[in-house]
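Below is one structure; the comments refer to it alone.
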Amino acid sequence: MKRLLLSFVFLLTILFAFSGLEAFGQSESKDIAERIKTFNNSRLLKGTQNTIDDLQDTYCSDAGVVDIFVNPSEITVDTDYFIWKIYTFVGGVVEEHDTWFTSTGSAPNNGISFDISQASGYYGNTIYVEYRPVEGGELRPSELDATTVYKTAEAYDFGSDMELCQNSGTPNLVLENSESGYEYFLFKDGVQQGGLTPEGSDGVAINFPISTSDLGTSIYTLEARRKSTPSCPTLMNGSPEVTVYPNPTPSPDYRPSSGNAGDPVCQGLPFELFDSAPETSGYVYNWTGPGLSGTVTGHTITVSDPGVLGTPGDYEYTLEIEDTNNPTRCTASA
């Protein structure tokens, strides 16, 4: 009977012990919830409280890993070390996130390395960082501070290299996808271009028209920014090179075969068509007009068709120059 009573007492002790641990967990969760509420009310009354200098008010999601330590003024000769916690408090539910950070430094000034990317499911929500000093082996009151992580835009593919002729219209550099809540800013050779700063829309591509008036090669980049602070700027994938080549400048003229430019052409005598600029290597000179069999190529050509030479009148000829020195083979006519 005595042995049975001892077993009963032992069982009762175990039950009370487990019940106590559960109550402690519930008490701790309730305690941090109350501390967060008190902290938030204080922030509403007094504004942002920076109890941890190393903790910024906001972060962009691409910030990487940031080291956070207690302000040196909080470390006393009695400080053994600090216990760190990170919480969220969404919808009245406290969640502890012990996988978001690792320990760094050494006691008594031990801190944490906070991996900002771990907060991906809590963008825009307040994140609470708590530290509690241990002095002489005893826990001391904790301190709270808070931050918020905002999503940096996804980096989508932007544009492709182009080779164009001068004044050949307004081709587009294409952003293959975009996101709502972000604006997109076009840069040419590092200089932001005015005018077009479209807002993204999930799953929608955006066209960026570019000018072909300036000769030479330019490098274009595209930056996405949040529409509110912090802007969290990020570059899209790709920096297309756009090269604009000059167009030829035809200057057609004529002369008698044995005369000079501007001399009158006599009936029945052949005459020459020529470009008044010196012949340029790589240029193809194509002539069309009366008395020519289709297109005749050459910097200088002779018209000897009897039907033209024997009939007085005004005749119109066209010179088209094709520049084969560049891949675009720019052409111009006059």
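Identifiers in this document derive from the order of the structure tokens: chains are assigned A, B, ..., residues are numbered from 1 separately in each chain, and ligands are numbered from 1 in order of occurrence.
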
Any chance you could tabulate, as a tab-separated table, the residues of stretch 97-178 of chain A at most 8 Å from stretch 219-239 of chain A with each one's nearest atom pair and distance in Å to one decimal, using only C-alpha atoms, in chain and rising number order?
residue	atom	partner	partner_atom	distance
A:Tyr150	CA	A:Pro230	CA	7.7
A:Lys151	CA	A:Cys232	CA	7.6
A:Thr152	CA	A:Cys232	CA	5.5
A:Ala153	CA	A:Ala224	CA	6.4
A:Glu154	CA	A:Met236	CA	7.8
A:Ala155	CA	A:Met236	CA	4.5
A:Tyr156	CA	A:Met236	CA	5.4
A:Asp157	CA	A:Asn237	CA	4.6
A:Phe158	CA	A:Gly238	CA	5.3
A:Gly159	CA	A:Gly238	CA	6.6
A:Ser160	CA	A:Gly238	CA	7.5

Give me the residues near A:Val134 as a PDB file with N, CA and C atoms, in the first residue's frame, where near means some atom within 10 Å (using only C-alpha atoms) and where sequence neighbours in that chain fewer than 3 positions away do not count.
ATOM      1  N   ASP A  78      28.936  43.826 -15.425  1.00  0.00           N
ATOM      2  CA  ASP A  78      28.222  42.642 -14.930  1.00  0.00           C
ATOM      3  C   ASP A  78      27.650  41.786 -16.044  1.00  0.00           C
ATOM      4  N   THR A  79      27.705  42.253 -17.302  1.00  0.00           N
ATOM      5  CA  THR A  79      27.087  41.524 -18.405  1.00  0.00           C
ATOM      6  C   THR A  79      27.853  40.254 -18.717  1.00  0.00           C
ATOM      7  N   ASP A  80      27.145  39.121 -18.683  1.00  0.00           N
ATOM      8  CA  ASP A  80      27.744  37.843 -19.081  1.00  0.00           C
ATOM      9  C   ASP A  80      27.643  37.655 -20.597  1.00  0.00           C
ATOM     10  N   TYR A  81      26.428  37.807 -21.111  1.00  0.00           N
ATOM     11  CA  TYR A  81      26.173  37.661 -22.544  1.00  0.00           C
ATOM     12  C   TYR A  81      24.735  38.109 -22.800  1.00  0.00           C
ATOM     13  N   PHE A  82      24.327  38.056 -24.078  1.00  0.00           N
ATOM     14  CA  PHE A  82      22.966  38.460 -24.451  1.00  0.00           C
ATOM     15  C   PHE A  82      22.245  37.304 -25.124  1.00  0.00           C
ATOM     16  N   ILE A  83      20.978  37.188 -24.825  1.00  0.00           N
ATOM     17  CA  ILE A  83      20.101  36.227 -25.499  1.00  0.00           C
ATOM     18  C   ILE A  83      19.289  36.986 -26.550  1.00  0.00           C
ATOM     19  N   PRO A 108      31.203  39.299 -23.707  1.00  0.00           N
ATOM     20  CA  PRO A 108      29.807  39.682 -23.420  1.00  0.00           C
ATOM     21  C   PRO A 108      29.106  40.379 -24.592  1.00  0.00           C
ATOM     22  N   TYR A 131      16.682  41.585 -27.410  1.00  0.00           N
ATOM     23  CA  TYR A 131      17.866  41.072 -26.726  1.00  0.00           C
ATOM     24  C   TYR A 131      17.636  41.175 -25.219  1.00  0.00           C
ATOM     25  N   GLY A 137      24.533  35.385 -14.154  1.00  0.00           N
ATOM     26  CA  GLY A 137      23.733  34.179 -14.326  1.00  0.00           C
ATOM     27  C   GLY A 137      22.245  34.415 -14.247  1.00  0.00           C
ATOM     28  N   GLU A 138      21.805  35.662 -14.092  1.00  0.00           N
ATOM     29  CA  GLU A 138      20.380  35.946 -13.983  1.00  0.00           C
ATOM     30  C   GLU A 138      19.899  36.752 -15.184  1.00  0.00           C
ATOM     31  N   LEU A 139      18.686  36.429 -15.649  1.00  0.00           N
ATOM     32  CA  LEU A 139      18.070  37.163 -16.746  1.00  0.00           C
ATOM     33  C   LEU A 139      17.677  38.556 -16.300  1.00  0.00           C
ATOM     34  N   ARG A 140      17.940  39.534 -17.139  1.00  0.00           N
ATOM     35  CA  ARG A 140      17.519  40.907 -16.898  1.00  0.00           C
ATOM     36  C   ARG A 140      16.431  41.281 -17.895  1.00  0.00           C
ATOM     37  N   PRO A 141      15.736  42.389 -17.665  1.00  0.00           N
ATOM     38  CA  PRO A 141      14.661  42.791 -18.592  1.00  0.00           C
ATOM     39  C   PRO A 141      15.183  42.936 -20.027  1.00  0.00           C
ATOM     40  N   SER A 142      14.347  42.553 -20.962  1.00  0.00           N
ATOM     41  CA  SER A 142      14.737  42.591 -22.375  1.00  0.00           C
ATOM     42  C   SER A 142      14.441  43.957 -22.988  1.00  0.00           C
TER      43      SER A 142
END

Given only C-alpha atoms as the counted atoms, nearest of A:Thr288, A:Asn207, A:Thr302, A:Gln192 to A:Leu273: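 The closest residue to A:Leu273 is A:Thr302.
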
For A:Thr88, which residue among A:Gly111, A:Gly124, A:Gly181, A:Gly105 is the nearest when counting only C-alpha atoms?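 So, comparing all the options, the nearest one is A:Gly124.
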
Can you list, as a PyMOL selection string, every residue of stretch 6-167 of chain A that DSSP puts in alpha helix (DSSP H)? chain A and resi 6-46

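Residues in contact with A:Thr126 at 9 Å, where only C-alpha atoms are counted and same-chain residues fewer than 4 positions away are skipped, are listed as Tyr87, Thr88, Phe89, Val90, Tyr122, Ala146, Thr147, Thr148 and Val149 of chain A.
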
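Shell of A:Thr102 at 8 Å, with only C-alpha atoms counted and residues fewer than 5 places along the chain excluded, is Ile112, Ser113 and Phe114 of chain A.
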
Mind writing the picked residues with C-alpha atoms as a PDB file, in the first residue's frame?
ATOM      1  CA  ILE A 112      23.548  37.978 -34.420  1.00  0.00           C
ATOM      2  CA  SER A 113      23.972  37.723 -38.187  1.00  0.00           C
ATOM      3  CA  PHE A 114      20.489  38.355 -39.547  1.00  0.00           C
TER       4      PHE A 114
END

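Here atom CA of A:Gln56 and atom CA of A:Pro72 stand 16.7 Å from one another.
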
Compare A:Gly259, A:Pro306, A:Phe39, A:Ser333 by their minimum atom-to-atom distance to A:Trp287, counting only C-alpha atoms, and give me the closest one.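 Among A:Gly259, A:Pro306, A:Phe39, A:Ser333, it is A:Ser333 that comes nearest to A:Trp287.
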
Pick out the closest residue to A:Ile75 from this set: A:Asn125, A:Asn109, A:Gln267, A:Thr99. Count only C-alpha atoms.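 Going through A:Asn125, A:Asn109, A:Gln267, A:Thr99 one by one, the smallest distance to A:Ile75 is for A:Asn109.
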
Can you list, as a ChimeraX atom specification, every protein, DNA or RNA residue that comes within 8 Å of A:Trp100 when you count only C-alpha atoms, leaving out same-chain residues fewer than 3 positions away? /A:86,97,114-116,118-119

Mind listing the strand (DSSP E) residues of stretch 210-281 of chain A, per DSSP on the backbone, as a VMD selection string? chain A and resid 216 to 226 234 to 235 241 to 245 252 to 256 271 to 275

Write to file, as a PDB file, in the first residue's frame, the residues of the selection just made, with N, CA and C atoms.
ATOM      1  N   GLY A 216      26.902  56.262 -83.005  1.00  0.00           N
ATOM      2  CA  GLY A 216      27.803  55.619 -82.061  1.00  0.00           C
ATOM      3  C   GLY A 216      27.129  54.509 -81.281  1.00  0.00           C
ATOM      4  N   THR A 217      27.864  53.968 -80.306  1.00  0.00           N
ATOM      5  CA  THR A 217      27.380  52.855 -79.484  1.00  0.00           C
ATOM      6  C   THR A 217      27.025  53.344 -78.092  1.00  0.00           C
ATOM      7  N   SER A 218      25.843  52.981 -77.643  1.00  0.00           N
ATOM      8  CA  SER A 218      25.383  53.321 -76.297  1.00  0.00           C
ATOM      9  C   SER A 218      24.971  52.048 -75.574  1.00  0.00           C
ATOM     10  N   ILE A 219      25.144  52.069 -74.259  1.00  0.00           N
ATOM     11  CA  ILE A 219      24.748  50.934 -73.427  1.00  0.00           C
ATOM     12  C   ILE A 219      23.527  51.339 -72.610  1.00  0.00           C
ATOM     13  N   TYR A 220      22.498  50.518 -72.692  1.00  0.00           N
ATOM     14  CA  TYR A 220      21.244  50.801 -71.981  1.00  0.00           C
ATOM     15  C   TYR A 220      21.095  49.835 -70.805  1.00  0.00           C
ATOM     16  N   THR A 221      20.616  50.364 -69.696  1.00  0.00           N
ATOM     17  CA  THR A 221      20.282  49.552 -68.530  1.00  0.00           C
ATOM     18  C   THR A 221      18.899  49.966 -68.030  1.00  0.00           C
ATOM     19  N   LEU A 222      18.294  49.076 -67.254  1.00  0.00           N
ATOM     20  CA  LEU A 222      16.951  49.340 -66.745  1.00  0.00           C
ATOM     21  C   LEU A 222      16.918  49.040 -65.256  1.00  0.00           C
ATOM     22  N   GLU A 223      16.386  49.982 -64.497  1.00  0.00           N
ATOM     23  CA  GLU A 223      16.336  49.855 -63.038  1.00  0.00           C
ATOM     24  C   GLU A 223      14.891  49.856 -62.568  1.00  0.00           C
ATOM     25  N   ALA A 224      14.570  48.917 -61.692  1.00  0.00           N
ATOM     26  CA  ALA A 224      13.239  48.859 -61.087  1.00  0.00           C
ATOM     27  C   ALA A 224      13.304  49.428 -59.678  1.00  0.00           C
ATOM     28  N   ARG A 225      12.264  50.194 -59.304  1.00  0.00           N
ATOM     29  CA  ARG A 225      12.198  50.774 -57.967  1.00  0.00           C
ATOM     30  C   ARG A 225      10.784  50.616 -57.424  1.00  0.00           C
ATOM     31  N   ARG A 226      10.703  50.376 -56.113  1.00  0.00           N
ATOM     32  CA  ARG A 226       9.399  50.395 -55.460  1.00  0.00           C
ATOM     33  C   ARG A 226       8.814  51.799 -55.564  1.00  0.00           C
ATOM     34  N   THR A 234      16.891  48.003 -58.183  1.00  0.00           N
ATOM     35  CA  THR A 234      17.613  46.825 -58.661  1.00  0.00           C
ATOM     36  C   THR A 234      17.658  46.839 -60.176  1.00  0.00           C
ATOM     37  N   LEU A 235      18.773  46.400 -60.734  1.00  0.00           N
ATOM     38  CA  LEU A 235      18.936  46.382 -62.185  1.00  0.00           C
ATOM     39  C   LEU A 235      18.317  45.124 -62.772  1.00  0.00           C
ATOM     40  N   GLU A 241      23.722  46.720 -75.955  1.00  0.00           N
ATOM     41  CA  GLU A 241      24.469  47.730 -76.690  1.00  0.00           C
ATOM     42  C   GLU A 241      23.718  48.053 -77.978  1.00  0.00           C
ATOM     43  N   VAL A 242      23.499  49.321 -78.196  1.00  0.00           N
ATOM     44  CA  VAL A 242      22.812  49.777 -79.413  1.00  0.00           C
ATOM     45  C   VAL A 242      23.785  50.643 -80.199  1.00  0.00           C
ATOM     46  N   THR A 243      24.092  50.212 -81.422  1.00  0.00           N
ATOM     47  CA  THR A 243      25.018  50.954 -82.280  1.00  0.00           C
ATOM     48  C   THR A 243      24.237  51.572 -83.437  1.00  0.00           C
ATOM     49  N   VAL A 244      24.412  52.875 -83.610  1.00  0.00           N
ATOM     50  CA  VAL A 244      23.734  53.599 -84.691  1.00  0.00           C
ATOM     51  C   VAL A 244      24.783  54.045 -85.702  1.00  0.00           C
ATOM     52  N   TYR A 245      24.608  53.609 -86.967  1.00  0.00           N
ATOM     53  CA  TYR A 245      25.552  53.942 -88.029  1.00  0.00           C
ATOM     54  C   TYR A 245      25.010  55.096 -88.876  1.00  0.00           C
ATOM     55  N   PRO A 252      23.967  63.385-106.312  1.00  0.00           N
ATOM     56  CA  PRO A 252      24.073  63.085-107.751  1.00  0.00           C
ATOM     57  C   PRO A 252      24.230  64.354-108.601  1.00  0.00           C
ATOM     58  N   ASP A 253      24.989  64.193-109.678  1.00  0.00           N
ATOM     59  CA  ASP A 253      25.186  65.302-110.617  1.00  0.00           C
ATOM     60  C   ASP A 253      25.379  64.713-112.021  1.00  0.00           C
ATOM     61  N   TYR A 254      25.487  65.579-113.023  1.00  0.00           N
ATOM     62  CA  TYR A 254      25.683  65.122-114.404  1.00  0.00           C
ATOM     63  C   TYR A 254      26.639  66.066-115.111  1.00  0.00           C
ATOM     64  N   ARG A 255      27.143  65.591-116.272  1.00  0.00           N
ATOM     65  CA  ARG A 255      28.018  66.397-117.111  1.00  0.00           C
ATOM     66  C   ARG A 255      28.122  65.726-118.479  1.00  0.00           C
ATOM     67  N   PRO A 256      28.425  66.507-119.495  1.00  0.00           N
ATOM     68  CA  PRO A 256      28.719  65.884-120.795  1.00  0.00           C
ATOM     69  C   PRO A 256      29.934  64.976-120.660  1.00  0.00           C
ATOM     70  N   PHE A 271      26.231  61.391-121.992  1.00  0.00           N
ATOM     71  CA  PHE A 271      26.556  62.187-120.786  1.00  0.00           C
ATOM     72  C   PHE A 271      26.769  61.245-119.606  1.00  0.00           C
ATOM     73  N   GLU A 272      27.351  61.802-118.554  1.00  0.00           N
ATOM     74  CA  GLU A 272      27.695  61.015-117.381  1.00  0.00           C
ATOM     75  C   GLU A 272      26.851  61.417-116.171  1.00  0.00           C
ATOM     76  N   LEU A 273      26.527  60.422-115.381  1.00  0.00           N
ATOM     77  CA  LEU A 273      25.926  60.631-114.062  1.00  0.00           C
ATOM     78  C   LEU A 273      26.979  60.244-113.026  1.00  0.00           C
ATOM     79  N   PHE A 274      27.146  61.060-111.990  1.00  0.00           N
ATOM     80  CA  PHE A 274      28.175  60.761-110.998  1.00  0.00           C
ATOM     81  C   PHE A 274      27.765  61.339-109.638  1.00  0.00           C
ATOM     82  N   ASP A 275      28.372  60.787-108.586  1.00  0.00           N
ATOM     83  CA  ASP A 275      28.194  61.343-107.250  1.00  0.00           C
ATOM     84  C   ASP A 275      29.275  62.392-107.049  1.00  0.00           C
TER      85      ASP A 275
END

Quick one, how far is atom CA of A:Gly169 from atom CA of A:Gly282?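 Atom CA of A:Gly282 lies at a distance of 24.3 Å from atom CA of A:Gly169.
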
Using Å and a single decimal, report how far atom CA of A:Leu173 sits from atom CA of A:Pro209. 6.3 Å

Could you name the residues that touch A:Pro327 at 10 Å or less, counting only C-alpha atoms, but leaving out those on the same chain fewer than 5 positions away, as a PyMOL selection string? chain A and resi 163-165+245

Could you please take those selected residues and save all heavy atoms as a PDB file, in the first residue's frame?
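Contents of out07.pdb, as written:
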ATOM      1  N   GLU A 163      21.946  46.845 -84.004  1.00  0.00           N
ATOM      2  CA  GLU A 163      22.715  47.671 -84.927  1.00  0.00           C
ATOM      3  C   GLU A 163      21.725  48.324 -85.875  1.00  0.00           C
ATOM      4  O   GLU A 163      20.964  47.635 -86.557  1.00  0.00           O
ATOM      5  CB  GLU A 163      23.752  46.834 -85.670  1.00  0.00           C
ATOM      6  CG  GLU A 163      24.843  46.324 -84.738  1.00  0.00           C
ATOM      7  CD  GLU A 163      25.843  45.435 -85.432  1.00  0.00           C
ATOM      8  OE1 GLU A 163      25.397  44.577 -86.227  1.00  0.00           O
ATOM      9  OE2 GLU A 163      27.042  45.582 -85.220  1.00  0.00           O
ATOM     10  N   LEU A 164      21.733  49.640 -85.891  1.00  0.00           N
ATOM     11  CA  LEU A 164      20.684  50.388 -86.583  1.00  0.00           C
ATOM     12  C   LEU A 164      21.289  51.472 -87.457  1.00  0.00           C
ATOM     13  O   LEU A 164      22.451  51.865 -87.286  1.00  0.00           O
ATOM     14  CB  LEU A 164      19.735  51.031 -85.556  1.00  0.00           C
ATOM     15  CG  LEU A 164      19.118  50.094 -84.514  1.00  0.00           C
ATOM     16  CD1 LEU A 164      18.531  50.903 -83.368  1.00  0.00           C
ATOM     17  CD2 LEU A 164      18.047  49.230 -85.166  1.00  0.00           C
ATOM     18  N   CYS A 165      20.466  51.952 -88.377  1.00  0.00           N
ATOM     19  CA  CYS A 165      20.850  53.101 -89.190  1.00  0.00           C
ATOM     20  C   CYS A 165      20.281  54.367 -88.559  1.00  0.00           C
ATOM     21  O   CYS A 165      19.228  54.333 -87.910  1.00  0.00           O
ATOM     22  CB  CYS A 165      20.322  52.949 -90.616  1.00  0.00           C
ATOM     23  SG  CYS A 165      21.043  51.560 -91.500  1.00  0.00           S
ATOM     24  N   TYR A 245      24.608  53.609 -86.967  1.00  0.00           N
ATOM     25  CA  TYR A 245      25.552  53.942 -88.029  1.00  0.00           C
ATOM     26  C   TYR A 245      25.010  55.096 -88.876  1.00  0.00           C
ATOM     27  O   TYR A 245      23.798  55.263 -89.030  1.00  0.00           O
ATOM     28  CB  TYR A 245      25.778  52.725 -88.930  1.00  0.00           C
ATOM     29  CG  TYR A 245      26.469  51.568 -88.230  1.00  0.00           C
ATOM     30  CD1 TYR A 245      25.726  50.484 -87.743  1.00  0.00           C
ATOM     31  CD2 TYR A 245      27.842  51.555 -88.058  1.00  0.00           C
ATOM     32  CE1 TYR A 245      26.358  49.422 -87.114  1.00  0.00           C
ATOM     33  CE2 TYR A 245      28.479  50.496 -87.430  1.00  0.00           C
ATOM     34  CZ  TYR A 245      27.729  49.430 -86.951  1.00  0.00           C
ATOM     35  OH  TYR A 245      28.350  48.393 -86.315  1.00  0.00           O
TER      36      TYR A 245
END

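The residue that comes closest to A:Thr318, out of A:Val204, A:Leu175, A:Ile36, A:Ala334 and on the basis of only C-alpha atoms, is A:Ala334.
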